[in-house]
$ cat structure_35.txt   # compact mmCIF, C-alpha atoms and all ligand atoms
# COMPACT_ATOMS: atom_id res chain seq x y z
CA MET A 9 0.00 0.00 0.00
CA ILE A 10 1.23 3.50 -0.80
CA ILE A 11 -0.25 6.57 0.84
CA SER A 12 0.10 9.96 -0.85
CA MET A 13 -0.35 12.81 1.62
CA LYS A 14 -1.98 16.06 0.53
CA LEU A 15 0.38 18.85 -0.55
CA HIS A 16 2.27 20.58 2.28
CA SER A 17 1.02 18.24 5.02
CA THR A 18 2.39 19.10 8.45
CA ARG A 19 4.67 16.87 10.53
CA GLU A 20 1.82 16.19 12.96
CA GLU A 21 -0.50 15.12 10.13
CA ILE A 22 2.15 12.78 8.72
CA ASP A 23 2.92 11.32 12.15
CA GLU A 24 -0.76 10.72 12.76
CA VAL A 25 -1.02 8.65 9.56
CA THR A 26 2.15 6.65 10.23
CA GLY A 27 0.90 6.01 13.78
CA ILE A 28 -2.30 4.43 12.45
CA VAL A 29 -0.39 2.34 9.91
CA LYS A 30 1.95 0.99 12.61
CA HIS A 31 -1.05 0.27 14.83
CA PHE A 32 -2.30 -2.19 12.18
CA GLY A 33 1.04 -4.04 12.24
CA TYR A 34 2.88 -2.49 9.30
CA LYS A 35 6.24 -0.78 8.88
CA VAL A 36 6.45 2.53 7.06
CA HIS A 37 8.99 3.77 4.53
CA SER A 38 8.40 7.44 3.78
CA ILE A 39 9.73 9.48 0.90
CA GLU A 40 9.68 13.14 1.83
CA GLY A 41 9.57 15.32 -1.27
CA GLU A 42 9.66 19.11 -1.10
CA GLU A 43 5.91 19.44 -1.51
CA ARG A 44 4.49 16.03 -0.88
CA VAL A 45 5.19 13.07 1.38
CA VAL A 46 4.54 9.57 0.11
CA ILE A 47 4.34 6.78 2.68
CA GLY A 48 5.15 3.24 1.62
CA VAL A 49 3.44 0.65 3.81
CA VAL A 50 5.29 -2.66 4.01
CA GLY A 51 5.04 -5.87 5.99
CA VAL A 52 2.10 -7.94 7.13
CA GLY A 53 -1.00 -6.53 8.80
CA ASP A 54 -4.73 -6.07 8.56
CA VAL A 55 -5.00 -4.64 5.03
CA THR A 56 -8.71 -3.89 4.85
CA ALA A 57 -8.96 -2.24 8.26
CA CYS A 58 -5.80 -0.18 7.70
CA LEU A 59 -6.91 0.92 4.23
CA GLU A 60 -10.33 2.00 5.48
CA SER A 61 -8.92 3.99 8.39
CA VAL A 62 -6.27 5.74 6.35
CA GLU A 63 -8.56 6.56 3.43
CA ALA A 64 -10.90 8.34 5.82
CA MET A 65 -8.16 10.67 7.15
CA PRO A 66 -8.56 14.23 5.80
CA GLN A 67 -4.84 14.82 5.25
CA VAL A 68 -4.58 11.78 2.94
CA GLU A 69 -4.89 12.43 -0.80
CA LYS A 70 -4.84 8.87 -2.13
CA VAL A 71 -4.19 5.29 -1.04
CA VAL A 72 -3.13 2.68 -3.59
CA ARG A 73 -2.96 -1.00 -2.79
CA ILE A 74 0.06 -2.61 -4.43
CA THR A 75 0.33 -6.35 -4.73
CA ALA A 76 3.82 -6.48 -6.32
CA PRO A 77 6.78 -6.89 -3.94
CA TYR A 78 8.33 -3.79 -5.49
CA LYS A 79 6.05 -0.95 -4.46
CA PHE A 80 7.31 2.47 -5.58
CA VAL A 81 8.55 1.27 -8.96
CA SER A 82 5.47 -0.76 -9.85
CA LYS A 83 3.00 0.23 -12.53
CA GLU A 84 0.26 -0.04 -9.90
CA PHE A 85 1.85 2.91 -8.09
CA ARG A 86 2.03 5.11 -11.19
CA PRO A 87 0.38 4.10 -14.47
CA GLY A 88 2.18 6.69 -16.64
CA LYS A 89 5.92 6.73 -17.36
CA THR A 90 8.44 8.47 -15.15
CA ARG A 91 10.13 11.15 -17.21
CA ILE A 92 13.66 11.93 -16.15
CA LYS A 93 15.05 15.31 -17.14
CA VAL A 94 18.82 15.49 -17.46
CA ASN A 95 20.78 18.52 -18.61
CA GLY A 96 18.01 19.71 -20.97
CA ALA A 97 17.34 16.22 -22.38
CA GLU A 98 14.80 13.69 -21.19
CA ILE A 99 14.61 9.91 -20.77
CA GLY A 100 11.15 8.34 -20.60
CA GLY A 101 9.55 11.26 -22.44
CA ASP A 102 8.70 12.13 -26.01
CA GLU A 103 12.19 11.83 -27.39
CA PHE A 104 14.14 8.62 -28.00
CA ALA A 105 17.31 8.97 -25.89
CA VAL A 106 20.72 7.89 -27.15
CA ILE A 107 23.73 7.53 -24.84
CA ALA A 108 26.99 6.80 -26.65
CA GLY A 109 30.73 6.82 -26.17
CA PRO A 110 33.62 4.55 -25.35
CA CYS A 111 33.58 1.77 -22.79
CA SER A 112 36.36 3.49 -20.82
CA VAL A 113 37.77 6.99 -20.78
CA GLU A 114 41.34 6.45 -22.02
CA SER A 115 42.76 9.86 -22.93
CA GLU A 116 41.73 13.44 -23.59
CA GLU A 117 41.95 13.01 -27.34
CA GLN A 118 39.91 9.79 -27.28
CA ILE A 119 37.05 11.18 -25.20
CA MET A 120 36.92 14.56 -26.98
CA ARG A 121 36.82 12.94 -30.41
CA SER A 122 34.15 10.50 -29.24
CA ALA A 123 32.04 13.26 -27.67
CA GLU A 124 32.15 15.51 -30.72
CA ALA A 125 31.24 12.67 -33.08
CA VAL A 126 28.39 11.20 -31.04
CA ALA A 127 26.91 14.67 -30.44
CA LYS A 128 27.06 15.40 -34.17
CA ALA A 129 25.29 12.10 -34.88
CA GLY A 130 22.44 13.02 -32.52
CA ALA A 131 23.27 11.51 -29.13
CA LYS A 132 22.40 13.70 -26.14
CA PHE A 133 24.44 11.74 -23.59
CA LEU A 134 28.11 10.77 -23.47
CA ARG A 135 29.07 7.50 -21.80
CA GLY A 136 32.57 6.60 -20.61
CA GLY A 137 33.77 4.63 -17.62
CA ALA A 138 36.31 6.20 -15.27
CA PHE A 139 35.89 3.42 -12.71
CA LYS A 140 35.84 0.08 -14.54
CA PRO A 141 34.54 -3.23 -13.13
CA ARG A 142 36.87 -5.72 -14.85
CA THR A 143 36.74 -9.49 -14.58
CA SER A 144 40.54 -9.64 -14.21
CA PRO A 145 42.33 -7.60 -11.54
CA TYR A 146 45.23 -7.23 -14.01
CA ASP A 147 43.11 -5.40 -16.62
CA PHE A 148 42.85 -1.61 -16.89
CA GLN A 149 40.78 -0.37 -13.94
CA GLY A 150 39.96 3.10 -15.27
CA MET A 151 41.43 6.61 -15.00
CA GLU A 152 39.32 7.38 -11.92
CA GLU A 153 39.09 11.10 -11.05
CA GLU A 154 41.33 12.10 -13.94
CA GLY A 155 38.83 10.37 -16.25
CA LEU A 156 35.93 12.16 -14.60
CA LYS A 157 37.69 15.48 -15.26
CA LEU A 158 38.07 14.59 -18.93
CA LEU A 159 34.36 13.79 -19.11
CA GLN A 160 33.65 17.20 -17.62
CA LYS A 161 35.80 18.79 -20.30
CA ALA A 162 33.91 16.90 -23.00
CA LYS A 163 30.61 18.06 -21.51
CA LYS A 164 31.78 21.68 -21.61
CA ALA A 165 32.82 21.35 -25.25
CA THR A 166 29.70 19.56 -26.53
CA GLY A 167 26.84 20.12 -24.06
CA LEU A 168 26.36 16.35 -23.75
CA ALA A 169 25.15 15.00 -20.40
CA ILE A 170 27.61 12.62 -18.74
CA VAL A 171 26.75 8.99 -17.91
CA THR A 172 29.48 7.25 -15.94
CA GLU A 173 29.78 4.30 -13.60
CA VAL A 174 30.12 4.38 -9.84
CA MET A 175 31.45 1.14 -8.38
CA GLY A 176 31.31 1.57 -4.63
CA ASP A 177 29.38 3.52 -2.02
CA ARG A 178 32.55 5.37 -0.99
CA ASP A 179 32.87 6.89 -4.48
CA VAL A 180 29.28 8.15 -4.75
CA GLU A 181 30.05 11.70 -3.65
CA LEU A 182 33.04 12.02 -5.96
CA VAL A 183 31.30 10.62 -9.05
CA ALA A 184 28.17 12.72 -8.38
CA GLN A 185 30.29 15.87 -8.72
CA TYR A 186 30.92 15.03 -12.39
CA ALA A 187 28.11 12.74 -13.54
CA ASP A 188 24.67 13.77 -14.76
CA VAL A 189 23.59 10.12 -14.57
CA MET A 190 25.27 7.58 -12.26
CA GLN A 191 25.61 4.14 -13.84
CA VAL A 192 25.39 0.98 -11.75
CA GLY A 193 27.07 -1.84 -13.65
CA ALA A 194 25.62 -5.31 -14.11
CA ARG A 195 28.06 -6.77 -11.57
CA ASN A 196 26.87 -4.30 -8.96
CA MET A 197 23.11 -4.60 -9.46
CA GLN A 198 22.76 -6.21 -6.04
CA ASN A 199 25.37 -4.16 -4.20
CA PHE A 200 22.82 -3.03 -1.66
CA MET A 201 25.18 -0.64 0.18
CA LEU A 202 25.74 1.15 -3.13
CA LEU A 203 22.03 1.17 -4.01
CA LYS A 204 21.17 2.67 -0.62
CA ALA A 205 23.84 5.35 -0.98
CA LEU A 206 22.51 6.22 -4.45
CA GLY A 207 19.14 6.93 -2.89
CA LYS A 208 20.68 10.10 -1.50
CA CYS A 209 23.02 11.16 -4.32
CA GLY A 210 20.75 13.68 -6.03
CA ARG A 211 21.41 12.33 -9.55
CA PRO A 212 19.40 9.97 -11.77
CA ILE A 213 20.63 6.37 -11.79
CA LEU A 214 21.15 4.06 -14.76
CA LEU A 215 20.71 0.57 -13.28
CA LYS A 216 21.95 -2.27 -15.46
CA ARG A 217 20.49 -5.74 -15.17
CA GLY A 218 22.79 -8.27 -13.52
CA LEU A 219 24.28 -11.02 -15.69
CA SER A 220 22.23 -13.70 -13.94
CA SER A 221 19.38 -11.64 -12.55
CA ILE A 222 15.71 -12.18 -13.20
CA ILE A 223 13.51 -9.18 -13.98
CA LYS A 224 11.96 -9.21 -10.53
CA GLU A 225 15.42 -8.86 -8.97
CA LEU A 226 16.19 -5.91 -11.23
CA LEU A 227 12.98 -4.23 -10.07
CA MET A 228 13.74 -4.99 -6.42
CA SER A 229 17.15 -3.33 -6.85
CA ALA A 230 15.47 -0.28 -8.38
CA GLU A 231 13.09 -0.29 -5.42
CA TYR A 232 16.10 -0.01 -3.06
CA ILE A 233 17.17 3.22 -4.74
CA VAL A 234 13.67 4.71 -4.82
CA ALA A 235 12.82 3.62 -1.26
CA HIS A 236 15.99 5.38 -0.10
CA GLY A 237 14.86 8.65 -1.61
CA ASN A 238 15.72 8.76 -5.31
CA PRO A 239 12.77 8.34 -7.70
CA ASP A 240 14.86 8.79 -10.88
CA VAL A 241 15.97 5.33 -11.97
CA ILE A 242 16.49 4.21 -15.57
CA LEU A 243 16.60 0.45 -16.13
CA CYS A 244 18.89 -1.15 -18.70
CA GLU A 245 18.71 -4.54 -20.40
CA ARG A 246 22.29 -5.47 -21.32
CA GLY A 247 22.03 -9.19 -22.00
CA ILE A 248 22.10 -12.11 -19.62
CA ARG A 249 24.27 -15.21 -19.35
CA THR A 250 22.85 -18.31 -21.00
CA PHE A 251 24.28 -21.49 -22.56
CA GLU A 252 24.69 -19.64 -25.90
CA THR A 253 28.27 -18.79 -26.87
CA ALA A 254 27.78 -17.14 -30.28
CA THR A 255 27.25 -13.83 -28.53
CA ARG A 256 28.93 -12.45 -25.39
CA ASN A 257 25.54 -12.41 -23.63
CA THR A 258 22.02 -13.27 -24.73
CA CYS A 259 19.93 -10.20 -25.36
CA ASP A 260 16.65 -10.67 -23.53
CA ILE A 261 14.73 -8.39 -25.87
CA SER A 262 11.41 -9.34 -24.31
CA ALA A 263 12.63 -7.84 -21.01
CA ILE A 264 11.78 -4.43 -22.46
CA PRO A 265 8.06 -4.97 -23.06
CA VAL A 266 7.90 -7.03 -19.85
CA LEU A 267 9.38 -4.12 -17.87
CA ASN A 268 7.07 -1.67 -19.64
CA GLU A 269 4.16 -3.72 -18.29
CA LEU A 270 5.51 -3.96 -14.75
CA THR A 271 7.05 -0.57 -14.06
CA HIS A 272 6.70 3.13 -14.82
CA LEU A 273 10.49 3.56 -14.88
CA PRO A 274 12.15 4.24 -18.25
CA VAL A 275 13.89 1.26 -19.86
CA ILE A 276 16.82 1.36 -22.27
CA LEU A 277 18.76 -1.28 -24.21
CA ASP A 278 22.53 -1.78 -24.37
CA PRO A 279 23.07 -3.64 -27.67
CA SER A 280 26.86 -3.52 -27.23
CA HIS A 281 27.22 -5.60 -24.07
CA ALA A 282 24.20 -7.70 -25.09
CA THR A 283 26.03 -9.02 -28.16
CA GLY A 284 29.75 -8.38 -27.69
CA LYS A 285 30.15 -7.98 -31.47
CA ARG A 286 30.04 -4.68 -33.33
CA SER A 287 28.47 -6.23 -36.45
CA LEU A 288 25.38 -7.17 -34.41
CA VAL A 289 24.90 -3.83 -32.65
CA PRO A 290 22.83 -1.97 -35.32
CA ALA A 291 20.32 -4.84 -35.68
CA LEU A 292 19.81 -5.06 -31.93
CA ALA A 293 19.51 -1.28 -31.71
CA ARG A 294 16.66 -1.41 -34.25
CA ALA A 295 15.04 -4.15 -32.21
CA GLY A 296 15.24 -1.97 -29.11
CA VAL A 297 13.44 0.89 -30.85
CA ALA A 298 10.80 -1.50 -32.19
CA VAL A 299 9.96 -3.12 -28.85
CA GLY A 300 9.46 0.22 -27.15
CA ALA A 301 12.70 0.98 -25.29
CA ASP A 302 13.04 4.60 -24.17
CA GLY A 303 16.57 4.76 -25.49
CA LEU A 304 19.89 3.03 -26.16
CA ILE A 305 23.35 3.00 -24.62
CA VAL A 306 25.94 2.18 -27.28
CA GLU A 307 29.72 1.85 -27.19
CA ALA A 308 31.54 3.90 -29.83
CA HIS A 309 35.28 4.58 -30.04
CA PRO A 310 37.53 6.53 -32.45
CA ALA A 311 39.73 3.45 -32.98
CA PRO A 312 38.02 0.32 -31.62
CA GLU A 313 40.94 -1.91 -32.63
CA ARG A 314 43.05 0.00 -30.10
CA ALA A 315 40.40 0.32 -27.35
CA ILE A 316 41.64 -0.70 -23.91
CA SER A 317 38.28 -2.31 -23.09
CA ASP A 318 35.41 -3.73 -25.15
CA GLY A 319 36.90 -2.90 -28.57
CA ALA A 320 35.24 -5.87 -30.26
CA GLN A 321 31.76 -4.57 -29.50
CA SER A 322 32.51 -0.87 -30.08
CA LEU A 323 31.42 0.82 -33.29
CA ASP A 324 33.88 3.24 -34.82
CA LEU A 325 32.61 6.81 -35.06
CA ASN A 326 31.54 6.51 -38.71
CA GLN A 327 29.71 3.27 -38.03
CA PHE A 328 27.96 4.97 -35.12
CA ALA A 329 26.89 7.90 -37.33
CA LYS A 330 25.60 5.45 -39.94
CA MET A 331 23.67 3.49 -37.33
CA MET A 332 22.03 6.71 -36.12
CA GLU A 333 21.11 7.64 -39.69
CA ASP A 334 19.68 4.16 -40.33
CA LEU A 335 17.65 4.33 -37.11
CA LYS A 336 15.80 7.48 -38.22
CA PRO A 337 12.80 5.79 -39.89
CA TYR A 338 12.45 3.45 -36.92
CA ILE A 339 12.56 6.37 -34.51
CA ALA A 340 9.91 8.16 -36.61
CA LEU A 341 7.62 5.15 -36.06
CA TRP A 342 8.54 5.18 -32.36
CA ASN A 343 7.49 8.86 -32.20
CA GLU A 344 4.14 8.02 -33.77
CA ALA A 345 3.58 5.14 -31.37
CA ARG A 346 4.37 7.39 -28.38
CA LYS A 347 1.90 10.01 -29.60
CA LYS A 348 -0.81 7.36 -29.94
CA GLU A 349 -0.09 6.02 -26.45
CA ALA A 350 -0.30 9.55 -25.02
CA ALA A 351 -3.63 10.12 -26.79
CA VAL A 352 -5.04 6.85 -25.42
CA ALA A 353 -3.81 7.72 -21.89
CA ALA A 354 -5.38 11.19 -22.10
CA ALA A 355 -8.75 9.91 -23.40
CA PRO A 356 -11.56 9.91 -20.80
C1 LIG B 1 29.91 -0.89 -19.35
O1 LIG B 1 28.88 -0.21 -19.54
O2 LIG B 1 31.00 -0.66 -19.91
C2 LIG B 1 29.82 -2.09 -18.49
C3 LIG B 1 30.83 -2.50 -17.76
O3 LIG B 1 28.61 -2.68 -18.60
P1 LIG B 1 27.97 -3.90 -17.77
O4 LIG B 1 27.99 -3.46 -16.34
O5 LIG B 1 26.60 -4.01 -18.35
O6 LIG B 1 28.81 -5.11 -18.03
MN MN B 2 31.97 -1.85 -21.77

$ encode --input "structure_35.txt" --output "structure tokens"
Amino acid sequence: MIISMKLHSTREEIDEVTGIVKHFGYKVHSIEGEERVVIGVVGVGDVTACLESVEAMPQVEKVVRITAPYKFVSKEFRPGKTRIKVNGAEIGGDEFAVIAGPCSVESEEQIMRSAEAVAKAGAKFLRGGAFKPRTSPYDFQGMEEEGLKLLQKAKKATGLAIVTEVMGDRDVELVAQYADVMQVGARNMQNFMLLKALGKCGRPILLKRGLSSIIKELLMSAEYIVAHGNPDVILCERGIRTFETATRNTCDISAIPVLNELTHLPVILDPSHATGKRSLVPALARAGVAVGADGLIVEAHPAPERAISDGAQSLDLNQFAKMMEDLKPYIALWNEARKKEAAVAAAP
């Protein structure tokens, strides 16, 4: 159950409601926005009696009963999509969002060339890891703060919003100084200390699906971030591990429509990590547009053959520009579909 208080409710009014909820055996998890407080009711108690009492309280705007284990991120909580505004662009809104750039920030020249090219091709967000989660401890671990500074430089030059990974809760403050969107990598999807810290970081989060995680687990991880105070979470399908070896991962393309049924959070596709092969990226990107993703995150590099990480799945900058050009008719259909959906939602 989620209780939305009326605008500008007082502390006493909020405490009165939480007191009643606790009386019926539940725990409360409140999100205190500037104007409105939303109270998540969790645990086991007398649902009907609690609902009736709370609904009758004058300071309560609305009570929604939510059956899913993830409460704040469920579609039952909010039927429309959450739109996340970042640096003048939007994810989950009327425009298809493209995030692009190299796997890792490697040098000033590399990130500046990438940023200029992806901006010219129509991306609104620059990706680039400064903290890299690598399978081997002997592989390049990222440029860390120096890399974040280079991303900042690229943002200044191009106006692109920065999407970059944060690996541990101790780095949240540092990365938040430079990032417009904080990426949680697949290997960290269930790093609950990190998820909790990101609830308070004041930046939208890009949460990637774990390599072996089911969709419910992805949603529960998103719930951690929202329940700890941050409603702006973007979900990302990036392929899962299966018995198939022809691709690096298996792209669970149906995860996108499934998530669109279960949650109001925006959902994007990463066709680069999903396939591991640059030749497959444009086809998967088209699939992402067709199944209703809100955007893509794509690896692109000025010289993929020399990339320190993920070169095999990175497009070169010309291939990226071509992919963006080839996506245009698909994105035009996506725009039409979004308009129709909005008209249906607005109809009485
Ligand atoms: C990445 O985006 O470069 C990355 C490491 O992705 P993932 O966490 O999905 O493997
Ligand atoms: Mn990568």

$ residues_around --input "structure_35.txt" --residues "A:Leu203" --least-positions-apart "5" --cutoff "10 Å" --atoms "only C-alpha atoms" --output "list of chain:residue names"
A:Gly176, A:Asp177, A:Val192, A:Asn196, A:Met197, A:Gln198, A:Lys208, A:Ile213, A:Leu215, A:Ser229, A:Ala230, A:Glu231, A:Tyr232, A:Ile233, A:Val234, A:Ala235, A:His236, A:Asn238

$ axis_aligned_box --input "structure_35.txt" --around "ligand LIG 1 (chain B)" --padding-each-side "4 Å" --output "JSON"
{"center_x": 28.8, "center_y": -2.7, "center_z": -18.1, "size_x": 12.4, "size_y": 12.9, "size_z": 11.6}

$ residues_near_ligand --input "structure_35.txt" --ligand "ligand MN 2 (chain B)" --cutoff "9 Å" --atoms "all atoms listed in the file" --output "list in words"
Pro110, Cys111, Ser112, Gly136, Gly137, Lys140, Ser280, His281, Glu307, Ser317, Asp318, Gly319, Gln321 and Ser322 of chain A

$ closest_atom_pairs --input "structure_35.txt" --of "chain A" --to "ligand LIG 1 (chain B)" --cutoff "6 Å" --atoms "all atoms listed in the file" --output "Markdown table"
| residue | atom | partner | partner_atom | distance |
| --- | --- | --- | --- | --- |
| A:Cys111 | CA | B:LIG1 | O2 | 4.6 |
| A:Pro141 | CA | B:LIG1 | C3 | 6.0 |
| A:Gly193 | CA | B:LIG1 | O4 | 3.3 |
| A:Ala194 | CA | B:LIG1 | O4 | 3.7 |
| A:Arg195 | CA | B:LIG1 | O4 | 5.8 |
| A:Lys216 | CA | B:LIG1 | O5 | 5.7 |
| A:Arg246 | CA | B:LIG1 | O5 | 5.4 |
| A:His281 | CA | B:LIG1 | O5 | 6.0 |

$ closest_residue --input "structure_35.txt" --among "A:Leu168, A:Ala340, A:Met151, A:Val81" --to "A:Ala123" --atoms "only C-alpha atoms"
A:Leu168

$ closest_atom_pairs --input "structure_35.txt" --of "stretch 98-147 of chain A" --to "stretch 292-306 of chain A" --cutoff "9 Å" --atoms "all atoms listed in the file" --output "CSV"
residue,atom,partner,partner_atom,distance
A:Ile99,CA,A:Asp302,CA,6.5
A:Gly100,CA,A:Asp302,CA,5.5
A:Gly101,CA,A:Asp302,CA,7.7
A:Asp102,CA,A:Asp302,CA,8.9
A:Glu103,CA,A:Asp302,CA,8.0
A:Phe104,CA,A:Gly303,CA,5.2
A:Ala105,CA,A:Gly303,CA,4.3
A:Val106,CA,A:Leu304,CA,5.0
A:Ile107,CA,A:Ile305,CA,4.6
A:Ala108,CA,A:Val306,CA,4.8
A:Gly109,CA,A:Val306,CA,6.8
A:Pro110,CA,A:Val306,CA,8.3
A:Cys111,CA,A:Val306,CA,8.9
A:Phe133,CA,A:Ile305,CA,8.9
A:Arg135,CA,A:Ile305,CA,7.8

$ atom_distance --input "structure_35.txt" --atom1 "atom CA of A:Thr271" --atom2 "atom CA of A:Val174"
24.0 Å

$ atom_distance --input "structure_35.txt" --atom1 "atom CA of A:Phe328" --atom2 "atom CA of A:Val289"
9.6 Å

$ closest_residue --input "structure_35.txt" --among "A:Glu24, A:Glu43, A:Glu245, A:Asp54" --to "A:Met9" --atoms "all atoms listed in the file"
A:Asp54

$ residues_around --input "structure_35.txt" --residues "stretch 66-68 of chain A" --least-positions-apart "2" --cutoff "7 Å" --atoms "all atoms listed in the file" --output "PyMOL selection string"
chain A and resi 12-14+17+21+63-64+70

$ atom_distance --input "structure_35.txt" --atom1 "atom CA of A:Ala76" --atom2 "atom CA of A:Lys204"
20.4 Å

$ closest_residue --input "structure_35.txt" --among "A:Leu227, A:Ile248, A:Ala57, A:Leu202" --to "A:Leu270" --atoms "only C-alpha atoms"
A:Leu227

$ closest_residue --input "structure_35.txt" --among "A:Gly48, A:Gly130, A:Pro312, A:Gly88" --to "A:Ile74" --atoms "only C-alpha atoms"
A:Gly48

$ residues_around --input "structure_35.txt" --residues "A:Glu154" --least-positions-apart "2" --cutoff "12 Å" --atoms "only C-alpha atoms" --output "count of residues only"
19

$ closest_residue --input "structure_35.txt" --among "A:Val241, A:Ala355, A:Leu341, A:Cys209" --to "A:Leu273" --atoms "all atoms listed in the file"
A:Val241

$ closest_residue --input "structure_35.txt" --among "A:Val266, A:Gly284, A:Pro290, A:Arg249" --to "A:Ser220" --atoms "only C-alpha atoms"
A:Arg249

$ residues_around --input "structure_35.txt" --residues "stretch 25-36 of chain A" --least-positions-apart "4" --cutoff "6 Å" --atoms "all atoms listed in the file" --output "VMD selection string"
chain A and resid 48 to 54

$ decode --input "structure_35.txt" --residues "stretch 126-181 of chain A" --atoms "C-alpha atoms" --output "PDB file, in the first residue's frame"
ATOM      1  CA  VAL A 126      28.389  11.204 -31.038  1.00  0.00           C
ATOM      2  CA  ALA A 127      26.911  14.669 -30.439  1.00  0.00           C
ATOM      3  CA  LYS A 128      27.059  15.396 -34.169  1.00  0.00           C
ATOM      4  CA  ALA A 129      25.289  12.102 -34.885  1.00  0.00           C
ATOM      5  CA  GLY A 130      22.442  13.018 -32.524  1.00  0.00           C
ATOM      6  CA  ALA A 131      23.270  11.508 -29.130  1.00  0.00           C
ATOM      7  CA  LYS A 132      22.397  13.695 -26.139  1.00  0.00           C
ATOM      8  CA  PHE A 133      24.439  11.741 -23.588  1.00  0.00           C
ATOM      9  CA  LEU A 134      28.107  10.769 -23.467  1.00  0.00           C
ATOM     10  CA  ARG A 135      29.070   7.497 -21.805  1.00  0.00           C
ATOM     11  CA  GLY A 136      32.575   6.604 -20.611  1.00  0.00           C
ATOM     12  CA  GLY A 137      33.771   4.630 -17.616  1.00  0.00           C
ATOM     13  CA  ALA A 138      36.306   6.199 -15.272  1.00  0.00           C
ATOM     14  CA  PHE A 139      35.892   3.416 -12.714  1.00  0.00           C
ATOM     15  CA  LYS A 140      35.837   0.076 -14.537  1.00  0.00           C
ATOM     16  CA  PRO A 141      34.545  -3.227 -13.132  1.00  0.00           C
ATOM     17  CA  ARG A 142      36.873  -5.720 -14.853  1.00  0.00           C
ATOM     18  CA  THR A 143      36.739  -9.488 -14.580  1.00  0.00           C
ATOM     19  CA  SER A 144      40.537  -9.639 -14.211  1.00  0.00           C
ATOM     20  CA  PRO A 145      42.325  -7.601 -11.538  1.00  0.00           C
ATOM     21  CA  TYR A 146      45.230  -7.229 -14.007  1.00  0.00           C
ATOM     22  CA  ASP A 147      43.110  -5.405 -16.624  1.00  0.00           C
ATOM     23  CA  PHE A 148      42.848  -1.610 -16.893  1.00  0.00           C
ATOM     24  CA  GLN A 149      40.779  -0.370 -13.939  1.00  0.00           C
ATOM     25  CA  GLY A 150      39.963   3.100 -15.269  1.00  0.00           C
ATOM     26  CA  MET A 151      41.429   6.612 -15.005  1.00  0.00           C
ATOM     27  CA  GLU A 152      39.315   7.377 -11.916  1.00  0.00           C
ATOM     28  CA  GLU A 153      39.086  11.102 -11.051  1.00  0.00           C
ATOM     29  CA  GLU A 154      41.329  12.103 -13.939  1.00  0.00           C
ATOM     30  CA  GLY A 155      38.832  10.369 -16.248  1.00  0.00           C
ATOM     31  CA  LEU A 156      35.927  12.160 -14.596  1.00  0.00           C
ATOM     32  CA  LYS A 157      37.694  15.482 -15.260  1.00  0.00           C
ATOM     33  CA  LEU A 158      38.074  14.585 -18.930  1.00  0.00           C
ATOM     34  CA  LEU A 159      34.357  13.790 -19.109  1.00  0.00           C
ATOM     35  CA  GLN A 160      33.645  17.196 -17.620  1.00  0.00           C
ATOM     36  CA  LYS A 161      35.798  18.788 -20.298  1.00  0.00           C
ATOM     37  CA  ALA A 162      33.908  16.897 -23.003  1.00  0.00           C
ATOM     38  CA  LYS A 163      30.611  18.065 -21.512  1.00  0.00           C
ATOM     39  CA  LYS A 164      31.783  21.677 -21.615  1.00  0.00           C
ATOM     40  CA  ALA A 165      32.815  21.352 -25.250  1.00  0.00           C
ATOM     41  CA  THR A 166      29.697  19.565 -26.529  1.00  0.00           C
ATOM     42  CA  GLY A 167      26.836  20.120 -24.057  1.00  0.00           C
ATOM     43  CA  LEU A 168      26.357  16.347 -23.750  1.00  0.00           C
ATOM     44  CA  ALA A 169      25.146  14.997 -20.398  1.00  0.00           C
ATOM     45  CA  ILE A 170      27.605  12.618 -18.741  1.00  0.00           C
ATOM     46  CA  VAL A 171      26.748   8.991 -17.907  1.00  0.00           C
ATOM     47  CA  THR A 172      29.481   7.252 -15.941  1.00  0.00           C
ATOM     48  CA  GLU A 173      29.776   4.298 -13.598  1.00  0.00           C
ATOM     49  CA  VAL A 174      30.119   4.377  -9.836  1.00  0.00           C
ATOM     50  CA  MET A 175      31.447   1.135  -8.384  1.00  0.00           C
ATOM     51  CA  GLY A 176      31.305   1.570  -4.634  1.00  0.00           C
ATOM     52  CA  ASP A 177      29.381   3.521  -2.020  1.00  0.00           C
ATOM     53  CA  ARG A 178      32.552   5.373  -0.985  1.00  0.00           C
ATOM     54  CA  ASP A 179      32.867   6.888  -4.484  1.00  0.00           C
ATOM     55  CA  VAL A 180      29.285   8.148  -4.751  1.00  0.00           C
ATOM     56  CA  GLU A 181      30.052  11.698  -3.652  1.00  0.00           C
TER      57      GLU A 181
END
